[in-house]
file query-v5.pdb (PDB, N, CA and C atoms)
ATOM      1  N   MET A 129      38.611 -31.098  -6.035  1.00  0.00           N
ATOM      2  CA  MET A 129      38.758 -29.663  -6.190  1.00  0.00           C
ATOM      3  C   MET A 129      38.025 -28.997  -5.048  1.00  0.00           C
ATOM      4  N   SER A 130      38.656 -28.076  -4.383  1.00  0.00           N
ATOM      5  CA  SER A 130      38.039 -27.331  -3.291  1.00  0.00           C
ATOM      6  C   SER A 130      37.808 -25.895  -3.744  1.00  0.00           C
ATOM      7  N   LEU A 131      36.542 -25.468  -3.723  1.00  0.00           N
ATOM      8  CA  LEU A 131      36.185 -24.113  -4.139  1.00  0.00           C
ATOM      9  C   LEU A 131      36.052 -23.205  -2.925  1.00  0.00           C
ATOM     10  N   PRO A 132      36.147 -21.872  -3.117  1.00  0.00           N
ATOM     11  CA  PRO A 132      35.951 -20.943  -2.004  1.00  0.00           C
ATOM     12  C   PRO A 132      34.559 -21.099  -1.384  1.00  0.00           C
ATOM     13  N   THR A 133      34.419 -20.740  -0.111  1.00  0.00           N
ATOM     14  CA  THR A 133      33.148 -20.895   0.595  1.00  0.00           C
ATOM     15  C   THR A 133      32.040 -20.045  -0.002  1.00  0.00           C
ATOM     16  N   LEU A 134      32.364 -19.028  -0.790  1.00  0.00           N
ATOM     17  CA  LEU A 134      31.318 -18.211  -1.401  1.00  0.00           C
ATOM     18  C   LEU A 134      30.464 -19.028  -2.379  1.00  0.00           C
ATOM     19  N   PHE A 135      30.935 -20.203  -2.783  1.00  0.00           N
ATOM     20  CA  PHE A 135      30.169 -21.074  -3.675  1.00  0.00           C
ATOM     21  C   PHE A 135      29.301 -22.073  -2.921  1.00  0.00           C
ATOM     22  N   ALA A 136      29.369 -22.080  -1.590  1.00  0.00           N
ATOM     23  CA  ALA A 136      28.573 -23.022  -0.786  1.00  0.00           C
ATOM     24  C   ALA A 136      27.084 -22.792  -1.020  1.00  0.00           C
ATOM     25  N   GLY A 137      26.359 -23.874  -1.181  1.00  0.00           N
ATOM     26  CA  GLY A 137      24.918 -23.794  -1.358  1.00  0.00           C
ATOM     27  C   GLY A 137      24.449 -23.434  -2.756  1.00  0.00           C
ATOM     28  N   ARG A 138      25.358 -23.178  -3.667  1.00  0.00           N
ATOM     29  CA  ARG A 138      24.980 -22.859  -5.046  1.00  0.00           C
ATOM     30  C   ARG A 138      24.839 -24.129  -5.862  1.00  0.00           C
ATOM     31  N   ARG A 139      24.013 -24.055  -6.893  1.00  0.00           N
ATOM     32  CA  ARG A 139      23.900 -25.161  -7.849  1.00  0.00           C
ATOM     33  C   ARG A 139      24.423 -24.642  -9.181  1.00  0.00           C
ATOM     34  N   SER A 140      25.328 -25.383  -9.750  1.00  0.00           N
ATOM     35  CA  SER A 140      25.974 -24.941 -10.986  1.00  0.00           C
ATOM     36  C   SER A 140      25.945 -26.035 -12.035  1.00  0.00           C
ATOM     37  N   TYR A 141      26.025 -25.603 -13.295  1.00  0.00           N
ATOM     38  CA  TYR A 141      26.232 -26.537 -14.403  1.00  0.00           C
ATOM     39  C   TYR A 141      27.722 -26.723 -14.567  1.00  0.00           C
ATOM     40  N   ARG A 142      28.147 -27.955 -14.670  1.00  0.00           N
ATOM     41  CA  ARG A 142      29.554 -28.260 -14.901  1.00  0.00           C
ATOM     42  C   ARG A 142      29.727 -28.625 -16.360  1.00  0.00           C
ATOM     43  N   THR A 143      30.709 -28.012 -16.998  1.00  0.00           N
ATOM     44  CA  THR A 143      31.030 -28.326 -18.389  1.00  0.00           C
ATOM     45  C   THR A 143      32.507 -28.676 -18.471  1.00  0.00           C
ATOM     46  N   ILE A 144      32.782 -29.842 -19.021  1.00  0.00           N
ATOM     47  CA  ILE A 144      34.166 -30.248 -19.223  1.00  0.00           C
ATOM     48  C   ILE A 144      34.356 -30.454 -20.717  1.00  0.00           C
ATOM     49  N   ALA A 145      35.140 -29.576 -21.310  1.00  0.00           N
ATOM     50  CA  ALA A 145      35.453 -29.675 -22.735  1.00  0.00           C
ATOM     51  C   ALA A 145      36.900 -30.140 -22.878  1.00  0.00           C
ATOM     52  N   GLU A 146      37.328 -30.318 -24.092  1.00  0.00           N
ATOM     53  CA  GLU A 146      38.693 -30.781 -24.325  1.00  0.00           C
ATOM     54  C   GLU A 146      39.731 -29.791 -23.810  1.00  0.00           C
ATOM     55  N   GLU A 147      39.404 -28.502 -23.848  1.00  0.00           N
ATOM     56  CA  GLU A 147      40.389 -27.481 -23.492  1.00  0.00           C
ATOM     57  C   GLU A 147      40.073 -26.685 -22.236  1.00  0.00           C
ATOM     58  N   GLU A 148      38.892 -26.906 -21.602  1.00  0.00           N
ATOM     59  CA  GLU A 148      38.516 -26.063 -20.471  1.00  0.00           C
ATOM     60  C   GLU A 148      37.496 -26.751 -19.556  1.00  0.00           C
ATOM     61  N   PHE A 149      37.567 -26.425 -18.264  1.00  0.00           N
ATOM     62  CA  PHE A 149      36.598 -26.842 -17.255  1.00  0.00           C
ATOM     63  C   PHE A 149      35.851 -25.595 -16.814  1.00  0.00           C
ATOM     64  N   LEU A 150      34.498 -25.644 -16.793  1.00  0.00           N
ATOM     65  CA  LEU A 150      33.680 -24.479 -16.428  1.00  0.00           C
ATOM     66  C   LEU A 150      32.613 -24.852 -15.419  1.00  0.00           C
ATOM     67  N   LEU A 151      32.318 -23.924 -14.511  1.00  0.00           N
ATOM     68  CA  LEU A 151      31.128 -24.000 -13.668  1.00  0.00           C
ATOM     69  C   LEU A 151      30.312 -22.757 -13.972  1.00  0.00           C
ATOM     70  N   LYS A 152      29.027 -22.948 -14.352  1.00  0.00           N
ATOM     71  CA  LYS A 152      28.146 -21.831 -14.686  1.00  0.00           C
ATOM     72  C   LYS A 152      26.961 -21.802 -13.727  1.00  0.00           C
ATOM     73  N   ASP A 153      26.522 -20.604 -13.369  1.00  0.00           N
ATOM     74  CA  ASP A 153      25.342 -20.429 -12.537  1.00  0.00           C
ATOM     75  C   ASP A 153      24.129 -20.964 -13.282  1.00  0.00           C
ATOM     76  N   LYS A 154      23.286 -21.764 -12.607  1.00  0.00           N
ATOM     77  CA  LYS A 154      22.117 -22.364 -13.265  1.00  0.00           C
ATOM     78  C   LYS A 154      21.070 -21.333 -13.655  1.00  0.00           C
ATOM     79  N   VAL A 155      20.995 -20.217 -12.937  1.00  0.00           N
ATOM     80  CA  VAL A 155      19.969 -19.211 -13.209  1.00  0.00           C
ATOM     81  C   VAL A 155      20.431 -18.196 -14.245  1.00  0.00           C
ATOM     82  N   THR A 156      21.610 -17.596 -14.021  1.00  0.00           N
ATOM     83  CA  THR A 156      22.070 -16.509 -14.890  1.00  0.00           C
ATOM     84  C   THR A 156      22.931 -16.970 -16.061  1.00  0.00           C
ATOM     85  N   GLY A 157      23.524 -18.159 -15.945  1.00  0.00           N
ATOM     86  CA  GLY A 157      24.424 -18.634 -16.993  1.00  0.00           C
ATOM     87  C   GLY A 157      25.819 -18.036 -16.904  1.00  0.00           C
ATOM     88  N   GLU A 158      26.060 -17.214 -15.861  1.00  0.00           N
ATOM     89  CA  GLU A 158      27.368 -16.579 -15.679  1.00  0.00           C
ATOM     90  C   GLU A 158      28.416 -17.635 -15.333  1.00  0.00           C
ATOM     91  N   ILE A 159      29.596 -17.510 -15.936  1.00  0.00           N
ATOM     92  CA  ILE A 159      30.698 -18.412 -15.613  1.00  0.00           C
ATOM     93  C   ILE A 159      31.238 -18.011 -14.244  1.00  0.00           C
ATOM     94  N   GLU A 160      31.189 -18.941 -13.286  1.00  0.00           N
ATOM     95  CA  GLU A 160      31.634 -18.671 -11.924  1.00  0.00           C
ATOM     96  C   GLU A 160      33.080 -19.090 -11.694  1.00  0.00           C
ATOM     97  N   PHE A 161      33.489 -20.151 -12.365  1.00  0.00           N
ATOM     98  CA  PHE A 161      34.821 -20.702 -12.152  1.00  0.00           C
ATOM     99  C   PHE A 161      35.245 -21.430 -13.414  1.00  0.00           C
ATOM    100  N   SER A 162      36.481 -21.231 -13.817  1.00  0.00           N
ATOM    101  CA  SER A 162      36.987 -21.944 -14.996  1.00  0.00           C
ATOM    102  C   SER A 162      38.501 -22.092 -14.908  1.00  0.00           C
ATOM    103  N   PHE A 163      38.998 -23.094 -15.603  1.00  0.00           N
ATOM    104  CA  PHE A 163      40.443 -23.232 -15.759  1.00  0.00           C
ATOM    105  C   PHE A 163      40.721 -24.046 -17.020  1.00  0.00           C
ATOM    106  N   PRO A 164      41.882 -23.793 -17.636  1.00  0.00           N
ATOM    107  CA  PRO A 164      42.237 -24.524 -18.857  1.00  0.00           C
ATOM    108  C   PRO A 164      42.646 -25.964 -18.525  1.00  0.00           C
ATOM    109  N   LEU A 165      42.405 -26.860 -19.458  1.00  0.00           N
ATOM    110  CA  LEU A 165      42.829 -28.254 -19.324  1.00  0.00           C
ATOM    111  C   LEU A 165      43.989 -28.523 -20.264  1.00  0.00           C
ATOM    112  N   PRO A 166      44.952 -29.339 -19.917  1.00  0.00           N
ATOM    113  CA  PRO A 166      45.026 -30.095 -18.679  1.00  0.00           C
ATOM    114  C   PRO A 166      45.288 -29.184 -17.481  1.00  0.00           C
ATOM    115  N   MET A 167      44.785 -29.578 -16.298  1.00  0.00           N
ATOM    116  CA  MET A 167      44.948 -28.774 -15.090  1.00  0.00           C
ATOM    117  C   MET A 167      46.380 -28.866 -14.589  1.00  0.00           C
ATOM    118  N   ILE A 168      46.916 -27.719 -14.214  1.00  0.00           N
ATOM    119  CA  ILE A 168      48.253 -27.662 -13.630  1.00  0.00           C
ATOM    120  C   ILE A 168      48.107 -27.029 -12.252  1.00  0.00           C
ATOM    121  N   ALA A 169      48.386 -27.792 -11.195  1.00  0.00           N
ATOM    122  CA  ALA A 169      48.301 -27.278  -9.833  1.00  0.00           C
ATOM    123  C   ALA A 169      49.682 -26.811  -9.396  1.00  0.00           C
ATOM    124  N   LEU A 170      49.738 -25.605  -8.826  1.00  0.00           N
ATOM    125  CA  LEU A 170      51.004 -25.039  -8.386  1.00  0.00           C
ATOM    126  C   LEU A 170      51.455 -25.648  -7.067  1.00  0.00           C
ATOM    127  N   CYS A 171      50.520 -26.145  -6.270  1.00  0.00           N
ATOM    128  CA  CYS A 171      50.831 -26.721  -4.968  1.00  0.00           C
ATOM    129  C   CYS A 171      49.687 -27.642  -4.575  1.00  0.00           C
ATOM    130  N   VAL A 172      49.997 -28.856  -4.131  1.00  0.00           N
ATOM    131  CA  VAL A 172      48.962 -29.810  -3.732  1.00  0.00           C
ATOM    132  C   VAL A 172      49.299 -30.335  -2.344  1.00  0.00           C
ATOM    133  N   ARG A 173      48.305 -30.248  -1.435  1.00  0.00           N
ATOM    134  CA  ARG A 173      48.459 -30.786  -0.080  1.00  0.00           C
ATOM    135  C   ARG A 173      47.201 -31.576   0.253  1.00  0.00           C
ATOM    136  N   GLY A 174      47.379 -32.771   0.716  1.00  0.00           N
ATOM    137  CA  GLY A 174      46.224 -33.562   1.130  1.00  0.00           C
ATOM    138  C   GLY A 174      45.420 -34.116  -0.034  1.00  0.00           C
ATOM    139  N   ARG A 175      44.110 -34.313   0.220  1.00  0.00           N
ATOM    140  CA  ARG A 175      43.248 -34.970  -0.760  1.00  0.00           C
ATOM    141  C   ARG A 175      42.655 -34.031  -1.794  1.00  0.00           C
ATOM    142  N   PHE A 176      42.590 -32.740  -1.500  1.00  0.00           N
ATOM    143  CA  PHE A 176      41.944 -31.795  -2.406  1.00  0.00           C
ATOM    144  C   PHE A 176      42.936 -30.804  -2.978  1.00  0.00           C
ATOM    145  N   ILE A 177      42.627 -30.315  -4.177  1.00  0.00           N
ATOM    146  CA  ILE A 177      43.403 -29.242  -4.793  1.00  0.00           C
ATOM    147  C   ILE A 177      42.605 -27.968  -4.601  1.00  0.00           C
ATOM    148  N   VAL A 178      43.181 -27.001  -3.935  1.00  0.00           N
ATOM    149  CA  VAL A 178      42.510 -25.732  -3.685  1.00  0.00           C
ATOM    150  C   VAL A 178      42.454 -24.950  -4.989  1.00  0.00           C
ATOM    151  N   SER A 179      41.288 -24.387  -5.301  1.00  0.00           N
ATOM    152  CA  SER A 179      41.088 -23.711  -6.583  1.00  0.00           C
ATOM    153  C   SER A 179      42.063 -22.566  -6.815  1.00  0.00           C
ATOM    154  N   TYR A 180      42.519 -21.921  -5.744  1.00  0.00           N
ATOM    155  CA  TYR A 180      43.431 -20.786  -5.890  1.00  0.00           C
ATOM    156  C   TYR A 180      44.814 -21.175  -6.389  1.00  0.00           C
ATOM    157  N   VAL A 181      45.178 -22.449  -6.305  1.00  0.00           N
ATOM    158  CA  VAL A 181      46.508 -22.869  -6.737  1.00  0.00           C
ATOM    159  C   VAL A 181      46.502 -23.516  -8.120  1.00  0.00           C
ATOM    160  N   VAL A 182      45.371 -23.481  -8.811  1.00  0.00           N
ATOM    161  CA  VAL A 182      45.299 -24.036 -10.165  1.00  0.00           C
ATOM    162  C   VAL A 182      45.761 -22.959 -11.140  1.00  0.00           C
ATOM    163  N   HIS A 183      46.783 -23.275 -11.902  1.00  0.00           N
ATOM    164  CA  HIS A 183      47.346 -22.329 -12.873  1.00  0.00           C
ATOM    165  C   HIS A 183      46.298 -21.970 -13.925  1.00  0.00           C
ATOM    166  N   GLY A 184      46.016 -20.678 -14.075  1.00  0.00           N
ATOM    167  CA  GLY A 184      45.073 -20.207 -15.080  1.00  0.00           C
ATOM    168  C   GLY A 184      43.631 -20.172 -14.619  1.00  0.00           C
ATOM    169  N   ALA A 185      43.352 -20.482 -13.319  1.00  0.00           N
ATOM    170  CA  ALA A 185      41.967 -20.488 -12.822  1.00  0.00           C
ATOM    171  C   ALA A 185      41.412 -19.069 -12.774  1.00  0.00           C
ATOM    172  N   GLU A 186      40.152 -18.923 -13.145  1.00  0.00           N
ATOM    173  CA  GLU A 186      39.448 -17.650 -13.040  1.00  0.00           C
ATOM    174  C   GLU A 186      38.231 -17.856 -12.175  1.00  0.00           C
ATOM    175  N   ILE A 187      38.108 -17.027 -11.120  1.00  0.00           N
ATOM    176  CA  ILE A 187      37.019 -17.142 -10.159  1.00  0.00           C
ATOM    177  C   ILE A 187      36.265 -15.823 -10.114  1.00  0.00           C
ATOM    178  N   VAL A 188      34.942 -15.880 -10.219  1.00  0.00           N
ATOM    179  CA  VAL A 188      34.118 -14.674 -10.132  1.00  0.00           C
ATOM    180  C   VAL A 188      34.052 -14.225  -8.676  1.00  0.00           C
ATOM    181  N   ASN A 189      34.273 -12.943  -8.424  1.00  0.00           N
ATOM    182  CA  ASN A 189      34.219 -12.362  -7.068  1.00  0.00           C
ATOM    183  C   ASN A 189      35.037 -13.144  -6.068  1.00  0.00           C
ATOM    184  N   PRO A 190      36.349 -13.322  -6.301  1.00  0.00           N
ATOM    185  CA  PRO A 190      37.164 -14.105  -5.368  1.00  0.00           C
ATOM    186  C   PRO A 190      37.294 -13.405  -4.020  1.00  0.00           C
ATOM    187  N   THR A 191      37.432 -14.188  -2.962  1.00  0.00           N
ATOM    188  CA  THR A 191      37.679 -13.612  -1.642  1.00  0.00           C
ATOM    189  C   THR A 191      39.144 -13.184  -1.561  1.00  0.00           C
ATOM    190  N   LYS A 192      39.452 -12.267  -0.657  1.00  0.00           N
ATOM    191  CA  LYS A 192      40.826 -11.798  -0.494  1.00  0.00           C
ATOM    192  C   LYS A 192      41.676 -12.904   0.091  1.00  0.00           C
ATOM    193  N   GLN A 193      42.895 -13.036  -0.389  1.00  0.00           N
ATOM    194  CA  GLN A 193      43.831 -14.032   0.124  1.00  0.00           C
ATOM    195  C   GLN A 193      44.781 -13.386   1.094  1.00  0.00           C
TER     196      GLN A 193
END
call {"tool": "encode", "arguments": {"input": "query-v5.pdb", "output": "structure tokens"}}
result
Amino acid sequence: MSLPTLFAGRRSYRTIAEEEFLLKDKVTGEIEFSFPLPMIALCVRGRFIVSYVVHGAEIVNPTKQ
């Protein structure tokens, strides 16, 4: 999974439940990134799946596309 560069240098808690994948900020507990499971990618190129192409993904403060 490839996340936007705004997440570089951050440390997050990863939670994988039966129905959802979450990344939470270690300090504030804010959900930074999530998507429903099973993951459905709209487009895959190369070795990584870009977070913007995951169906149902929610990203806090996304960069402009």
call {"tool": "resolve_selection", "arguments": {"input": "query-v5.pdb", "expression": "the PyMOL selection byres (((chain A and resi 129 and name CA) around 7) and name CA)", "output": "PyMOL selection string"}}
result
chain A and resi 130-131+176-179
call {"tool": "resolve_selection", "arguments": {"input": "query-v5.pdb", "expression": "the PyMOL selection byres ((chain A and resi 169) around 6.5)", "output": "PDB file with N, CA and C atoms, keeping the file's coordinate frame"}}
result
ATOM      1  N   MET A 167      44.785 -29.578 -16.298  1.00  0.00           N
ATOM      2  CA  MET A 167      44.948 -28.774 -15.090  1.00  0.00           C
ATOM      3  C   MET A 167      46.380 -28.866 -14.589  1.00  0.00           C
ATOM      4  N   ILE A 168      46.916 -27.719 -14.214  1.00  0.00           N
ATOM      5  CA  ILE A 168      48.253 -27.662 -13.630  1.00  0.00           C
ATOM      6  C   ILE A 168      48.107 -27.029 -12.252  1.00  0.00           C
ATOM      7  N   LEU A 170      49.738 -25.605  -8.826  1.00  0.00           N
ATOM      8  CA  LEU A 170      51.004 -25.039  -8.386  1.00  0.00           C
ATOM      9  C   LEU A 170      51.455 -25.648  -7.067  1.00  0.00           C
ATOM     10  N   CYS A 171      50.520 -26.145  -6.270  1.00  0.00           N
ATOM     11  CA  CYS A 171      50.831 -26.721  -4.968  1.00  0.00           C
ATOM     12  C   CYS A 171      49.687 -27.642  -4.575  1.00  0.00           C
ATOM     13  N   VAL A 172      49.997 -28.856  -4.131  1.00  0.00           N
ATOM     14  CA  VAL A 172      48.962 -29.810  -3.732  1.00  0.00           C
ATOM     15  C   VAL A 172      49.299 -30.335  -2.344  1.00  0.00           C
ATOM     16  N   VAL A 181      45.178 -22.449  -6.305  1.00  0.00           N
ATOM     17  CA  VAL A 181      46.508 -22.869  -6.737  1.00  0.00           C
ATOM     18  C   VAL A 181      46.502 -23.516  -8.120  1.00  0.00           C
ATOM     19  N   VAL A 182      45.371 -23.481  -8.811  1.00  0.00           N
ATOM     20  CA  VAL A 182      45.299 -24.036 -10.165  1.00  0.00           C
ATOM     21  C   VAL A 182      45.761 -22.959 -11.140  1.00  0.00           C
ATOM     22  N   HIS A 183      46.783 -23.275 -11.902  1.00  0.00           N
ATOM     23  CA  HIS A 183      47.346 -22.329 -12.873  1.00  0.00           C
ATOM     24  C   HIS A 183      46.298 -21.970 -13.925  1.00  0.00           C
TER      25      HIS A 183
END
call {"tool": "atom_distance", "arguments": {"input": "query-v5.pdb", "atom1": "CA of Ala145 in chain A", "atom2": "CA of Val188 in chain A"}}
result
19.6 Å
call {"tool": "resolve_selection", "arguments": {"input": "query-v5.pdb", "expression": "the PyMOL selection byres (((chain A and resi 186 and name CA) around 7) and name CA)", "output": "list of chain:residue names"}}
result
A:Phe161, A:Ser162, A:Phe163, A:Gly184, A:Ala185, A:Ile187, A:Val188
call {"tool": "atom_distance", "arguments": {"input": "query-v5.pdb", "atom1": "CA of Arg138 in chain A", "atom2": "CA of Asp153 in chain A"}}
result
7.9 Å
call {"tool": "axis_aligned_box", "arguments": {"input": "query-v5.pdb", "around": "range 144-160 of chain A", "padding_each_side": "8 Å", "output": "JSON"}}
result
{"center_x": 30.2, "center_y": -23.6, "center_z": -18.0, "size_x": 36.4, "size_y": 30.3, "size_z": 28.6}
call {"tool": "select_by_dssp", "arguments": {"input": "query-v5.pdb", "residues": "chain A", "states": "strand (DSSP E)", "output": "PyMOL selection string"}}
result
chain A and resi 140-144+148-153+159-164+186-187
call {"tool": "write_last_selection", "arguments": {"input": "query-v5.pdb", "atoms": "N, CA and C atoms", "output": "tab-separated table (two decimals), in the coordinates of the input"}}
result
chain	number	residue	atom	x	y	z
A	140	SER	N	25.33	-25.38	-9.75
A	140	SER	CA	25.97	-24.94	-10.99
A	140	SER	C	25.94	-26.04	-12.04
A	141	TYR	N	26.02	-25.60	-13.30
A	141	TYR	CA	26.23	-26.54	-14.40
A	141	TYR	C	27.72	-26.72	-14.57
A	142	ARG	N	28.15	-27.96	-14.67
A	142	ARG	CA	29.55	-28.26	-14.90
A	142	ARG	C	29.73	-28.62	-16.36
A	143	THR	N	30.71	-28.01	-17.00
A	143	THR	CA	31.03	-28.33	-18.39
A	143	THR	C	32.51	-28.68	-18.47
A	144	ILE	N	32.78	-29.84	-19.02
A	144	ILE	CA	34.17	-30.25	-19.22
A	144	ILE	C	34.36	-30.45	-20.72
A	148	GLU	N	38.89	-26.91	-21.60
A	148	GLU	CA	38.52	-26.06	-20.47
A	148	GLU	C	37.50	-26.75	-19.56
A	149	PHE	N	37.57	-26.42	-18.26
A	149	PHE	CA	36.60	-26.84	-17.26
A	149	PHE	C	35.85	-25.60	-16.81
A	150	LEU	N	34.50	-25.64	-16.79
A	150	LEU	CA	33.68	-24.48	-16.43
A	150	LEU	C	32.61	-24.85	-15.42
A	151	LEU	N	32.32	-23.92	-14.51
A	151	LEU	CA	31.13	-24.00	-13.67
A	151	LEU	C	30.31	-22.76	-13.97
A	152	LYS	N	29.03	-22.95	-14.35
A	152	LYS	CA	28.15	-21.83	-14.69
A	152	LYS	C	26.96	-21.80	-13.73
A	153	ASP	N	26.52	-20.60	-13.37
A	153	ASP	CA	25.34	-20.43	-12.54
A	153	ASP	C	24.13	-20.96	-13.28
A	159	ILE	N	29.60	-17.51	-15.94
A	159	ILE	CA	30.70	-18.41	-15.61
A	159	ILE	C	31.24	-18.01	-14.24
A	160	GLU	N	31.19	-18.94	-13.29
A	160	GLU	CA	31.63	-18.67	-11.92
A	160	GLU	C	33.08	-19.09	-11.69
A	161	PHE	N	33.49	-20.15	-12.36
A	161	PHE	CA	34.82	-20.70	-12.15
A	161	PHE	C	35.24	-21.43	-13.41
A	162	SER	N	36.48	-21.23	-13.82
A	162	SER	CA	36.99	-21.94	-15.00
A	162	SER	C	38.50	-22.09	-14.91
A	163	PHE	N	39.00	-23.09	-15.60
A	163	PHE	CA	40.44	-23.23	-15.76
A	163	PHE	C	40.72	-24.05	-17.02
A	164	PRO	N	41.88	-23.79	-17.64
A	164	PRO	CA	42.24	-24.52	-18.86
A	164	PRO	C	42.65	-25.96	-18.52
A	186	GLU	N	40.15	-18.92	-13.14
A	186	GLU	CA	39.45	-17.65	-13.04
A	186	GLU	C	38.23	-17.86	-12.18
A	187	ILE	N	38.11	-17.03	-11.12
A	187	ILE	CA	37.02	-17.14	-10.16
A	187	ILE	C	36.26	-15.82	-10.11
call {"tool": "atom_distance", "arguments": {"input": "query-v5.pdb", "atom1": "CA of Ile144 in chain A", "atom2": "CA of Thr156 in chain A"}}
result
18.8 Å
call {"tool": "residues_around", "arguments": {"input": "query-v5.pdb", "residues": "Ser140 in chain A", "least_positions_apart": "2", "cutoff": "12 Å", "atoms": "only C-alpha atoms", "output": "PDB file with N, CA and C atoms, in the frame of the given file"}}
result
ATOM      1  N   PHE A 135      30.935 -20.203  -2.783  1.00  0.00           N
ATOM      2  CA  PHE A 135      30.169 -21.074  -3.675  1.00  0.00           C
ATOM      3  C   PHE A 135      29.301 -22.073  -2.921  1.00  0.00           C
ATOM      4  N   ALA A 136      29.369 -22.080  -1.590  1.00  0.00           N
ATOM      5  CA  ALA A 136      28.573 -23.022  -0.786  1.00  0.00           C
ATOM      6  C   ALA A 136      27.084 -22.792  -1.020  1.00  0.00           C
ATOM      7  N   GLY A 137      26.359 -23.874  -1.181  1.00  0.00           N
ATOM      8  CA  GLY A 137      24.918 -23.794  -1.358  1.00  0.00           C
ATOM      9  C   GLY A 137      24.449 -23.434  -2.756  1.00  0.00           C
ATOM     10  N   ARG A 138      25.358 -23.178  -3.667  1.00  0.00           N
ATOM     11  CA  ARG A 138      24.980 -22.859  -5.046  1.00  0.00           C
ATOM     12  C   ARG A 138      24.839 -24.129  -5.862  1.00  0.00           C
ATOM     13  N   ARG A 142      28.147 -27.955 -14.670  1.00  0.00           N
ATOM     14  CA  ARG A 142      29.554 -28.260 -14.901  1.00  0.00           C
ATOM     15  C   ARG A 142      29.727 -28.625 -16.360  1.00  0.00           C
ATOM     16  N   THR A 143      30.709 -28.012 -16.998  1.00  0.00           N
ATOM     17  CA  THR A 143      31.030 -28.326 -18.389  1.00  0.00           C
ATOM     18  C   THR A 143      32.507 -28.676 -18.471  1.00  0.00           C
ATOM     19  N   LEU A 150      34.498 -25.644 -16.793  1.00  0.00           N
ATOM     20  CA  LEU A 150      33.680 -24.479 -16.428  1.00  0.00           C
ATOM     21  C   LEU A 150      32.613 -24.852 -15.419  1.00  0.00           C
ATOM     22  N   LEU A 151      32.318 -23.924 -14.511  1.00  0.00           N
ATOM     23  CA  LEU A 151      31.128 -24.000 -13.668  1.00  0.00           C
ATOM     24  C   LEU A 151      30.312 -22.757 -13.972  1.00  0.00           C
ATOM     25  N   LYS A 152      29.027 -22.948 -14.352  1.00  0.00           N
ATOM     26  CA  LYS A 152      28.146 -21.831 -14.686  1.00  0.00           C
ATOM     27  C   LYS A 152      26.961 -21.802 -13.727  1.00  0.00           C
ATOM     28  N   ASP A 153      26.522 -20.604 -13.369  1.00  0.00           N
ATOM     29  CA  ASP A 153      25.342 -20.429 -12.537  1.00  0.00           C
ATOM     30  C   ASP A 153      24.129 -20.964 -13.282  1.00  0.00           C
ATOM     31  N   LYS A 154      23.286 -21.764 -12.607  1.00  0.00           N
ATOM     32  CA  LYS A 154      22.117 -22.364 -13.265  1.00  0.00           C
ATOM     33  C   LYS A 154      21.070 -21.333 -13.655  1.00  0.00           C
ATOM     34  N   VAL A 155      20.995 -20.217 -12.937  1.00  0.00           N
ATOM     35  CA  VAL A 155      19.969 -19.211 -13.209  1.00  0.00           C
ATOM     36  C   VAL A 155      20.431 -18.196 -14.245  1.00  0.00           C
ATOM     37  N   THR A 156      21.610 -17.596 -14.021  1.00  0.00           N
ATOM     38  CA  THR A 156      22.070 -16.509 -14.890  1.00  0.00           C
ATOM     39  C   THR A 156      22.931 -16.970 -16.061  1.00  0.00           C
ATOM     40  N   GLY A 157      23.524 -18.159 -15.945  1.00  0.00           N
ATOM     41  CA  GLY A 157      24.424 -18.634 -16.993  1.00  0.00           C
ATOM     42  C   GLY A 157      25.819 -18.036 -16.904  1.00  0.00           C
ATOM     43  N   GLU A 158      26.060 -17.214 -15.861  1.00  0.00           N
ATOM     44  CA  GLU A 158      27.368 -16.579 -15.679  1.00  0.00           C
ATOM     45  C   GLU A 158      28.416 -17.635 -15.333  1.00  0.00           C
ATOM     46  N   ILE A 159      29.596 -17.510 -15.936  1.00  0.00           N
ATOM     47  CA  ILE A 159      30.698 -18.412 -15.613  1.00  0.00           C
ATOM     48  C   ILE A 159      31.238 -18.011 -14.244  1.00  0.00           C
ATOM     49  N   GLU A 160      31.189 -18.941 -13.286  1.00  0.00           N
ATOM     50  CA  GLU A 160      31.634 -18.671 -11.924  1.00  0.00           C
ATOM     51  C   GLU A 160      33.080 -19.090 -11.694  1.00  0.00           C
ATOM     52  N   PHE A 161      33.489 -20.151 -12.365  1.00  0.00           N
ATOM     53  CA  PHE A 161      34.821 -20.702 -12.152  1.00  0.00           C
ATOM     54  C   PHE A 161      35.245 -21.430 -13.414  1.00  0.00           C
TER      55      PHE A 161
END
call {"tool": "residues_near_point", "arguments": {"input": "query-v5.pdb", "point": "(39.8, -27.7, -18.7)", "cutoff": "6 Å", "atoms": "only C-alpha atoms", "output": "number ranges by chain"}}
result
A: 147-149, 163-166
call {"tool": "select_by_dssp", "arguments": {"input": "query-v5.pdb", "residues": "chain A", "states": "helix (DSSP H, G or I)", "output": "list in words"}}
result
Thr133, Leu134, Phe135, Ser179, Tyr180 and Val181 of chain A
call {"tool": "write_last_selection", "arguments": {"input": "query-v5.pdb", "atoms": "N, CA and C atoms", "output": "PDB file, keeping the file's coordinate frame"}}
result
ATOM      1  N   THR A 133      34.419 -20.740  -0.111  1.00  0.00           N
ATOM      2  CA  THR A 133      33.148 -20.895   0.595  1.00  0.00           C
ATOM      3  C   THR A 133      32.040 -20.045  -0.002  1.00  0.00           C
ATOM      4  N   LEU A 134      32.364 -19.028  -0.790  1.00  0.00           N
ATOM      5  CA  LEU A 134      31.318 -18.211  -1.401  1.00  0.00           C
ATOM      6  C   LEU A 134      30.464 -19.028  -2.379  1.00  0.00           C
ATOM      7  N   PHE A 135      30.935 -20.203  -2.783  1.00  0.00           N
ATOM      8  CA  PHE A 135      30.169 -21.074  -3.675  1.00  0.00           C
ATOM      9  C   PHE A 135      29.301 -22.073  -2.921  1.00  0.00           C
ATOM     10  N   SER A 179      41.288 -24.387  -5.301  1.00  0.00           N
ATOM     11  CA  SER A 179      41.088 -23.711  -6.583  1.00  0.00           C
ATOM     12  C   SER A 179      42.063 -22.566  -6.815  1.00  0.00           C
ATOM     13  N   TYR A 180      42.519 -21.921  -5.744  1.00  0.00           N
ATOM     14  CA  TYR A 180      43.431 -20.786  -5.890  1.00  0.00           C
ATOM     15  C   TYR A 180      44.814 -21.175  -6.389  1.00  0.00           C
ATOM     16  N   VAL A 181      45.178 -22.449  -6.305  1.00  0.00           N
ATOM     17  CA  VAL A 181      46.508 -22.869  -6.737  1.00  0.00           C
ATOM     18  C   VAL A 181      46.502 -23.516  -8.120  1.00  0.00           C
TER      19      VAL A 181
END
